[in-house]
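As provided, work.csv (CSV, C-alpha atoms) reads as follows.
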```csv
chain,number,residue,atom,x,y,z
A,1,MET,CA,25.2,4.4,8.3
A,2,LEU,CA,21.8,5.9,9.1
A,3,ILE,CA,18.6,6.4,7.0
A,4,ASP,CA,17.8,10.1,6.7
A,5,TYR,CA,16.0,12.0,4.1
A,6,GLY,CA,18.6,12.7,1.3
A,7,SER,CA,21.2,10.4,2.8
A,8,PHE,CA,23.2,7.9,0.7
A,9,MET,CA,21.3,4.9,2.0
A,10,TYR,CA,18.0,6.6,1.6
A,11,PHE,CA,18.6,6.8,-2.1
A,12,ALA,CA,20.6,3.5,-2.3
A,13,TYR,CA,17.5,1.4,-1.3
A,14,LEU,CA,15.3,3.3,-3.8
A,15,PHE,CA,18.0,2.8,-6.5
A,16,VAL,CA,18.2,-1.0,-5.8
A,17,VAL,CA,14.4,-1.4,-6.1
A,18,ILE,CA,14.1,0.6,-9.3
A,19,LEU,CA,17.2,-1.2,-10.7
A,20,VAL,CA,15.6,-4.7,-10.0
A,21,CYS,CA,12.4,-3.5,-11.6
A,22,LEU,CA,14.2,-2.3,-14.8
A,23,ILE,CA,16.2,-5.5,-15.0
A,24,LEU,CA,13.1,-7.7,-14.8
A,25,TYR,CA,11.4,-5.4,-17.4
A,26,PHE,CA,14.3,-5.7,-19.9
A,27,ILE,CA,14.5,-9.5,-19.3
A,28,ALA,CA,10.8,-10.1,-19.9
A,29,ARG,CA,9.7,-7.3,-22.3
A,30,ASN,CA,10.3,-9.3,-25.5
A,31,GLU,CA,9.0,-12.6,-24.1
A,32,SER,CA,5.5,-14.0,-24.5
A,33,ASP,CA,2.7,-12.9,-22.3
A,34,CYS,CA,2.8,-16.2,-20.5
A,35,VAL,CA,6.5,-15.7,-19.6
A,36,LYS,CA,5.8,-12.1,-18.6
A,37,LYS,CA,2.9,-13.2,-16.3
A,38,VAL,CA,5.1,-15.9,-14.7
A,39,VAL,CA,7.8,-13.2,-13.9
A,40,VAL,CA,5.2,-10.9,-12.4
A,41,LEU,CA,3.5,-13.7,-10.5
A,42,PHE,CA,6.8,-15.0,-9.2
A,43,VAL,CA,7.6,-11.5,-7.7
A,44,ALA,CA,4.1,-11.3,-6.1
A,45,LEU,CA,4.2,-14.9,-4.7
A,46,LEU,CA,7.7,-14.2,-3.3
A,47,ASN,CA,6.3,-11.2,-1.5
A,48,VAL,CA,3.4,-13.3,-0.1
A,49,ALA,CA,5.8,-15.9,1.1
A,50,GLN,CA,8.0,-13.5,3.0
A,51,HIS,CA,4.9,-11.9,4.5
A,52,LEU,CA,3.4,-15.2,5.7
A,53,PHE,CA,6.6,-16.8,6.8
A,54,LYS,CA,8.5,-13.7,8.1
A,55,GLY,CA,8.8,-15.4,11.5
A,56,LYS,CA,10.9,-18.1,9.9
A,57,ILE,CA,12.8,-15.9,7.4
A,58,TYR,CA,13.8,-12.9,9.4
A,59,PRO,CA,16.0,-13.4,12.5
A,60,GLN,CA,14.7,-10.5,14.5
A,61,TYR,CA,11.5,-12.4,15.2
A,62,ASN,CA,13.3,-15.5,16.5
A,63,GLY,CA,10.7,-17.7,14.9
A,64,ASN,CA,7.9,-16.2,17.0
A,65,VAL,CA,6.0,-13.6,15.0
A,66,PRO,CA,2.6,-12.3,16.2
A,67,LEU,CA,-0.3,-13.6,14.1
A,68,HIS,CA,-1.5,-10.2,13.0
A,69,LEU,CA,1.8,-9.4,11.3
A,70,SER,CA,1.1,-12.1,8.7
A,71,THR,CA,-2.5,-10.9,7.9
A,72,ALA,CA,-4.0,-8.0,6.0
A,73,TYR,CA,-3.4,-5.7,9.0
A,74,ASN,CA,-2.6,-2.6,7.0
A,75,VAL,CA,-2.8,-1.3,3.4
A,76,CYS,CA,0.5,-2.7,2.1
A,77,ALA,CA,-0.1,-6.1,3.8
A,78,PHE,CA,-3.5,-6.2,2.2
A,79,LEU,CA,-2.1,-5.4,-1.2
A,80,ILE,CA,0.6,-8.0,-0.9
A,81,LEU,CA,-1.8,-10.7,-0.1
A,82,VAL,CA,-4.3,-9.9,-2.8
A,83,SER,CA,-1.8,-9.3,-5.6
A,84,PRO,CA,-1.4,-12.9,-6.8
A,85,PHE,CA,-5.1,-13.3,-7.0
A,86,ILE,CA,-5.6,-10.1,-9.0
A,87,ILE,CA,-2.7,-11.0,-11.3
A,88,LEU,CA,-4.2,-14.4,-12.0
A,89,PHE,CA,-7.9,-13.9,-11.9
A,90,GLY,CA,-8.6,-10.1,-11.7
A,91,ASN,CA,-10.6,-8.3,-14.2
A,92,SER,CA,-9.4,-5.1,-15.9
A,93,LEU,CA,-10.6,-2.9,-13.1
A,94,LEU,CA,-8.9,-4.8,-10.4
A,95,LYS,CA,-5.6,-4.9,-12.4
A,96,ASN,CA,-5.8,-1.2,-12.8
A,97,PHE,CA,-6.4,-0.8,-9.1
A,98,LEU,CA,-3.3,-2.9,-8.3
A,99,THR,CA,-1.2,-0.9,-10.7
A,100,TYR,CA,-2.2,2.5,-9.3
A,101,VAL,CA,-2.6,1.7,-5.6
A,102,GLY,CA,0.0,-1.0,-5.3
A,103,SER,CA,2.7,1.0,-7.1
A,104,PHE,CA,1.9,4.1,-5.1
A,105,ALA,CA,1.7,2.4,-1.7
A,106,GLY,CA,4.9,0.5,-2.2
A,107,MET,CA,6.9,3.6,-3.4
A,108,ILE,CA,5.5,6.1,-1.0
A,109,ALA,CA,6.4,3.9,1.9
A,110,MET,CA,10.0,3.9,0.7
A,111,VAL,CA,10.0,7.6,-0.2
A,112,VAL,CA,8.7,8.5,3.3
A,113,PRO,CA,10.2,5.7,5.5
A,114,TYR,CA,9.4,7.6,8.7
A,115,TRP,CA,9.7,4.4,10.8
A,116,PHE,CA,13.4,4.2,10.0
A,117,ILE,CA,14.5,7.9,9.9
A,118,GLY,CA,17.5,8.3,12.1
A,119,LYS,CA,18.0,4.6,12.5
A,120,THR,CA,20.7,2.3,11.1
A,121,ALA,CA,20.3,1.3,7.5
A,122,PHE,CA,21.7,-2.2,8.2
A,123,SER,CA,19.2,-4.1,10.3
A,124,TRP,CA,17.0,-7.0,9.5
A,125,GLU,CA,13.9,-5.0,10.1
A,126,ALA,CA,15.1,-2.4,7.5
A,127,TYR,CA,15.9,-5.2,5.1
A,128,ARG,CA,12.4,-6.6,5.6
A,129,PHE,CA,10.8,-3.2,5.1
A,130,TYR,CA,12.5,-2.5,1.8
A,131,ILE,CA,12.0,-6.1,0.5
A,132,CYS,CA,8.3,-6.2,1.1
A,133,HIS,CA,7.6,-2.7,-0.2
A,134,GLY,CA,10.0,-3.0,-3.1
A,135,LEU,CA,8.4,-6.3,-4.2
A,136,LEU,CA,5.0,-4.7,-3.9
A,137,PHE,CA,6.0,-1.8,-6.1
A,138,ILE,CA,7.6,-4.1,-8.7
A,139,SER,CA,4.7,-6.6,-8.9
A,140,SER,CA,2.2,-3.7,-9.2
A,141,ILE,CA,3.9,-1.6,-11.8
A,142,LEU,CA,5.5,-4.3,-13.9
A,143,PRO,CA,2.3,-5.7,-15.5
A,144,GLY,CA,1.5,-2.3,-16.9
A,145,LEU,CA,5.1,-1.8,-18.1
A,146,LEU,CA,5.1,-5.2,-19.8
A,147,GLY,CA,1.8,-4.6,-21.5
A,148,LEU,CA,0.0,-7.4,-19.7
A,149,HIS,CA,-2.9,-5.0,-19.2
A,150,GLU,CA,-3.8,-1.4,-20.2
A,151,LEU,CA,-4.8,1.4,-18.0
A,152,LYS,CA,-8.4,2.3,-18.9
A,153,PHE,CA,-9.9,5.8,-18.7
A,154,ARG,CA,-13.3,4.4,-17.7
A,155,HIS,CA,-11.8,2.9,-14.5
A,156,CYS,CA,-10.2,6.0,-13.2
A,157,TRP,CA,-13.1,7.2,-11.1
A,158,LYS,CA,-13.5,3.8,-9.5
A,159,ILE,CA,-10.1,3.4,-8.1
A,160,GLY,CA,-10.8,5.6,-5.0
A,161,LEU,CA,-13.9,3.6,-4.3
A,162,LEU,CA,-12.0,0.3,-4.4
A,163,PHE,CA,-9.5,1.8,-2.0
A,164,PHE,CA,-12.3,2.6,0.5
A,165,LEU,CA,-13.4,-1.0,0.2
A,166,SER,CA,-9.9,-2.1,0.9
A,167,LEU,CA,-9.8,0.0,4.1
A,168,ALA,CA,-13.1,-1.6,5.2
A,169,LEU,CA,-11.7,-5.1,4.7
A,170,ILE,CA,-8.6,-4.1,6.6
A,171,LEU,CA,-10.7,-2.8,9.5
A,172,LEU,CA,-12.7,-6.1,9.4
A,173,ASN,CA,-9.4,-8.1,9.5
A,174,ASP,CA,-8.1,-6.1,12.5
A,175,GLY,CA,-11.5,-6.1,14.3
A,176,ILE,CA,-11.6,-9.9,14.1
A,177,LEU,CA,-8.0,-10.1,15.4
A,178,ILE,CA,-8.8,-7.8,18.3
A,179,LYS,CA,-12.0,-9.6,19.2
A,180,THR,CA,-10.3,-13.0,19.2
A,181,GLY,CA,-7.4,-11.7,21.3
A,182,ASN,CA,-4.8,-12.0,18.5
A,183,TYR,CA,-3.8,-8.4,18.3
A,184,PRO,CA,-1.2,-7.6,21.0
A,185,GLY,CA,-1.9,-4.4,23.0
A,186,THR,CA,-5.6,-4.4,22.4
A,187,ASN,CA,-8.6,-5.3,24.5
A,188,PRO,CA,-11.0,-7.9,23.0
A,189,ASP,CA,-13.9,-6.2,24.8
A,190,ASP,CA,-13.2,-2.8,23.1
A,191,VAL,CA,-12.9,-3.5,19.4
A,192,PHE,CA,-13.7,0.1,18.4
A,193,GLY,CA,-11.1,1.5,20.8
A,194,GLY,CA,-8.5,-0.9,19.6
A,195,LEU,CA,-9.2,0.0,16.0
A,196,THR,CA,-9.0,3.7,16.9
A,197,ASN,CA,-5.6,3.3,18.5
A,198,LEU,CA,-4.3,1.2,15.6
A,199,ASN,CA,-5.8,3.5,13.1
A,200,PRO,CA,-4.8,1.6,9.9
A,201,GLY,CA,-4.5,4.0,7.0
A,202,TRP,CA,-5.8,6.8,9.2
A,203,SER,CA,-9.2,5.2,8.6
A,204,MET,CA,-10.5,5.8,12.2
A,205,ARG,CA,-9.3,9.4,12.9
A,206,PRO,CA,-6.6,12.0,12.0
A,207,SER,CA,-3.0,11.3,13.1
A,208,PRO,CA,-2.2,13.3,16.3
A,209,SER,CA,1.2,14.0,14.9
A,210,MET,CA,-0.3,15.8,11.9
A,211,PRO,CA,-3.2,18.0,13.2
A,212,TRP,CA,-3.1,20.1,10.0
A,213,VAL,CA,-4.6,17.2,8.1
A,214,GLU,CA,-7.9,17.6,9.9
A,215,ASP,CA,-8.0,21.3,9.0
A,216,ILE,CA,-7.7,20.4,5.4
A,217,VAL,CA,-10.3,17.6,5.6
A,218,ALA,CA,-12.7,19.9,7.4
A,219,LEU,CA,-12.9,22.1,4.3
A,220,PHE,CA,-14.6,19.3,2.5
A,221,THR,CA,-16.2,17.1,5.2
A,222,PRO,CA,-19.5,17.8,7.2
A,223,SER,CA,-18.7,18.3,10.9
A,224,PHE,CA,-21.1,15.4,11.7
A,225,LEU,CA,-18.4,13.0,10.3
A,226,LEU,CA,-15.6,14.7,12.2
A,227,GLY,CA,-17.0,14.1,15.7
A,228,ASN,CA,-19.8,16.6,15.9
A,229,ASN,CA,-22.3,13.8,16.4
A,230,PRO,CA,-24.1,12.1,19.4
A,231,TRP,CA,-21.3,9.7,19.8
A,232,ASN,CA,-18.4,12.2,19.7
A,233,ILE,CA,-16.4,10.0,17.3
A,234,TYR,CA,-14.9,10.3,13.9
A,235,ILE,CA,-17.0,8.2,11.5
A,236,PRO,CA,-14.6,5.5,10.2
A,237,ILE,CA,-13.4,6.0,6.6
A,238,LEU,CA,-16.1,8.5,5.9
A,239,TRP,CA,-14.4,11.2,8.0
A,240,TYR,CA,-11.8,11.8,5.2
A,241,ALA,CA,-13.5,10.0,2.3
A,242,ILE,CA,-14.4,13.2,0.3
A,243,PRO,CA,-11.0,14.8,0.1
A,244,LEU,CA,-9.2,11.5,-0.1
A,245,TYR,CA,-11.4,10.4,-3.0
A,246,LEU,CA,-11.0,13.7,-4.8
A,247,GLY,CA,-7.2,13.6,-4.3
A,248,THR,CA,-6.9,10.0,-5.3
A,249,THR,CA,-9.1,10.4,-8.4
A,250,LEU,CA,-7.1,13.5,-9.5
A,251,LEU,CA,-3.8,11.6,-9.1
A,252,VAL,CA,-5.2,8.6,-11.0
A,253,TYR,CA,-6.4,10.7,-13.9
A,254,THR,CA,-3.0,12.5,-13.9
A,255,VAL,CA,-1.0,9.2,-14.0
A,256,TYR,CA,-3.4,7.9,-16.7
A,257,GLY,CA,-2.8,11.0,-18.8
A,258,ILE,CA,1.0,10.7,-18.5
A,259,SER,CA,0.8,7.0,-19.4
A,260,ARG,CA,-1.1,7.8,-22.5
A,261,LEU,CA,1.5,10.3,-23.6
A,262,PHE,CA,4.2,7.7,-23.3
A,263,THR,CA,2.0,5.1,-25.1
A,264,LYS,CA,1.4,7.5,-28.0
A,265,ARG,CA,5.2,8.2,-28.3
A,266,LYS,CA,5.8,4.5,-28.7
```

Reformat the file's structure so that it appears as structure tokens.
Amino acid sequence: MLIDYGSFMYFAYLFVVILVCLILYFIARNESDCVKKVVVLFVALLNVAQHLFKGKIYPQYNGNVPLHLSTAYNVCAFLILVSPFIILFGNSLLKNFLTYVGSFAGMIAMVVPYWFIGKTAFSWEAYRFYICHGLLFISSILPGLLGLHELKFRHCWKIGLLFFLSLALILLNDGILIKTGNYPGTNPDDVFGGLTNLNPGWSMRPSPSMPWVEDIVALFTPSFLLGNNPWNIYIPILWYAIPLYLGTTLLVYTVYGISRLFTKRK
């Protein structure tokens, strides 16, 4: 069976993730905050473990996984690694950030699994993909569902800014890997070029496969940031920061409003 948009396996994987999330919710909802936190932390640590030790866990790697695949090399990997720290030690803002961004990042990857469209649903790489993104979604949304923390109106405008900080940290991570020769297919002497080719989170430039994105971004962004500058380059992160921040903030306020409606009904 193949994974295609609207296919049985496309929905089956989503159903399993949501079912697991609901089961954990109903198991823990009437327990103490300590038990709830242990449940959430267990899910997050399980995800960290499969991320760090994927070379030992998943047979497709034959015990030899490149170093970069166990680091914060993209948005979801970054969120997986920081989740336990935010759950344990994060303040209200960081916990709100994880709820919004972690839930969205985990779910959107599964809703738009373009890496696997047209490919078999039964492969170890497909299992790994849905396990890591499913666990990220569950560990991000479950704290809010269980009442371990509350979404705050005063934090809504800050979430997009924290996301940009996350992108900067991911670029730093990948830049160090490239410079030290630990990112396959890149040149240690051309860190900027390597980052441009990797383009984590589209932070370096638009995706060539979606040229229409730049047309939309150009409506909000000064041309200087889009390559019309002495260096003829897109300015990392800033090239799409304005529309991305506006869209992210609008989405966050919308989700916050919906969450308040459900809270009031309770």

Contacts of Lys54 (chain A) at 12 Å (all atoms listed in the file; same-chain gap of 2+ positions) as a PDB file with C-alpha atoms, in the coordinates of the input:
```
ATOM      1  CA  LEU A  46       7.700 -14.200  -3.300  1.00  0.00           C
ATOM      2  CA  ASN A  47       6.300 -11.200  -1.500  1.00  0.00           C
ATOM      3  CA  VAL A  48       3.400 -13.300  -0.100  1.00  0.00           C
ATOM      4  CA  ALA A  49       5.800 -15.900   1.100  1.00  0.00           C
ATOM      5  CA  GLN A  50       8.000 -13.500   3.000  1.00  0.00           C
ATOM      6  CA  HIS A  51       4.900 -11.900   4.500  1.00  0.00           C
ATOM      7  CA  LEU A  52       3.400 -15.200   5.700  1.00  0.00           C
ATOM      8  CA  LYS A  56      10.900 -18.100   9.900  1.00  0.00           C
ATOM      9  CA  ILE A  57      12.800 -15.900   7.400  1.00  0.00           C
ATOM     10  CA  TYR A  58      13.800 -12.900   9.400  1.00  0.00           C
ATOM     11  CA  PRO A  59      16.000 -13.400  12.500  1.00  0.00           C
ATOM     12  CA  GLN A  60      14.700 -10.500  14.500  1.00  0.00           C
ATOM     13  CA  TYR A  61      11.500 -12.400  15.200  1.00  0.00           C
ATOM     14  CA  ASN A  62      13.300 -15.500  16.500  1.00  0.00           C
ATOM     15  CA  GLY A  63      10.700 -17.700  14.900  1.00  0.00           C
ATOM     16  CA  ASN A  64       7.900 -16.200  17.000  1.00  0.00           C
ATOM     17  CA  VAL A  65       6.000 -13.600  15.000  1.00  0.00           C
ATOM     18  CA  PRO A  66       2.600 -12.300  16.200  1.00  0.00           C
ATOM     19  CA  LEU A  67      -0.300 -13.600  14.100  1.00  0.00           C
ATOM     20  CA  HIS A  68      -1.500 -10.200  13.000  1.00  0.00           C
ATOM     21  CA  LEU A  69       1.800  -9.400  11.300  1.00  0.00           C
ATOM     22  CA  SER A  70       1.100 -12.100   8.700  1.00  0.00           C
ATOM     23  CA  THR A  71      -2.500 -10.900   7.900  1.00  0.00           C
ATOM     24  CA  TRP A 124      17.000  -7.000   9.500  1.00  0.00           C
ATOM     25  CA  GLU A 125      13.900  -5.000  10.100  1.00  0.00           C
ATOM     26  CA  TYR A 127      15.900  -5.200   5.100  1.00  0.00           C
ATOM     27  CA  ARG A 128      12.400  -6.600   5.600  1.00  0.00           C
ATOM     28  CA  PHE A 129      10.800  -3.200   5.100  1.00  0.00           C
ATOM     29  CA  ILE A 131      12.000  -6.100   0.500  1.00  0.00           C
ATOM     30  CA  CYS A 132       8.300  -6.200   1.100  1.00  0.00           C
TER      31      CYS A 132
END
```

Quick one: contact table of region 170-203 of chain A to region 241-257 of chain A, 12 Å max, nearest atom pair and distance in Å to one decimal per residue, counting only C-alpha atoms, chain and number order, as CSV?
```
residue,atom,partner,partner_atom,distance
A:Gly201,CA,A:Leu244,CA,11.3
A:Trp202,CA,A:Ala241,CA,10.8
A:Ser203,CA,A:Ala241,CA,9.0
```

Select, from A:Asn182, A:Asn197, A:Ser139, A:Ser209, the residue with the minimum atom-to-atom distance to Ile18 (chain A), counting only C-alpha atoms.
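Checking each candidate against Ile18 (chain A), we get A:Ser139 as the closest.
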
Got a sec: who's within 12 Å of Ala44 (chain A), counting only C-alpha atoms, leaving out chain neighbours fewer than 6 positions off, as number ranges by chain?
A: 37-38, 50-51, 77, 79-88, 98, 102, 131-143

What does the distance from CA of Phe11 (chain A) to CA of Ile23 (chain A) come to in Å, to one decimal?
18.0 Å

As an exercise, work out the distance from CA of Ser259 (chain A) to CA of Val39 (chain A) in Å and give it to one decimal place.
22.1 Å

Report the distance between CA of Leu146 (chain A) and CA of Arg29 (chain A) in Å, rounded to one decimal place.
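These atoms are spaced 5.6 Å apart.
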
Excluding Gly194 (chain A) and its own-chain neighbours fewer than 2 positions away, which residues fall within 9 Å of it when counting only C-alpha atoms? Please give them as a ChimeraX atom specification.
/A:174-175,178,183,185-188,190-192,196-199

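Nearest to Trp239 (chain A) of all the residues A:Val16, A:Ile176, A:Leu219, A:Met9 is A:Leu219, based on all atoms listed in the file.
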
Exercise: Met110 (chain A) partners within 9 Å, only C-alpha atoms, chain neighbours under 4 positions left out, as a list in words:
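Once the adjacent positions are removed, what remains is Tyr10, Tyr13, Leu14, Ala105, Gly106, Tyr114, Phe129, Tyr130, His133 and Gly134 of chain A.
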
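Minimum atom-to-atom distance to Gly144 (chain A), evaluated using only C-alpha atoms, belongs to A:Ser92 out of A:Val43, A:Ser7, A:Glu31, A:Ser92.
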
List as JSON, numbers by chain the protein and nucleic acid residues near Tyr234 (chain A), meaning an atom at most 7 Å away when all atoms listed in the file are counted, but skip any in the same chain fewer than 2 places from it.
{"A": [204, 205, 225, 226, 227, 236, 239]}

From the list A:Leu94, A:Leu195, A:Asn229, A:Trp157, the nearest residue to Leu177 (chain A) using all atoms listed in the file is A:Leu195

Counting only C-alpha atoms, which of A:Phe26, A:Phe164, A:Phe97, A:Phe122 gets nearest to Met1 (chain A)?
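Of all the options, A:Phe122 lies closest to Met1 (chain A).
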
Which residue, A:Leu145, A:Lys36, A:Ala121, A:Leu2, has the smallest gap to Leu22 (chain A) when you use all atoms listed in the file?
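Checking each candidate against Leu22 (chain A), we get A:Leu145 as the closest.
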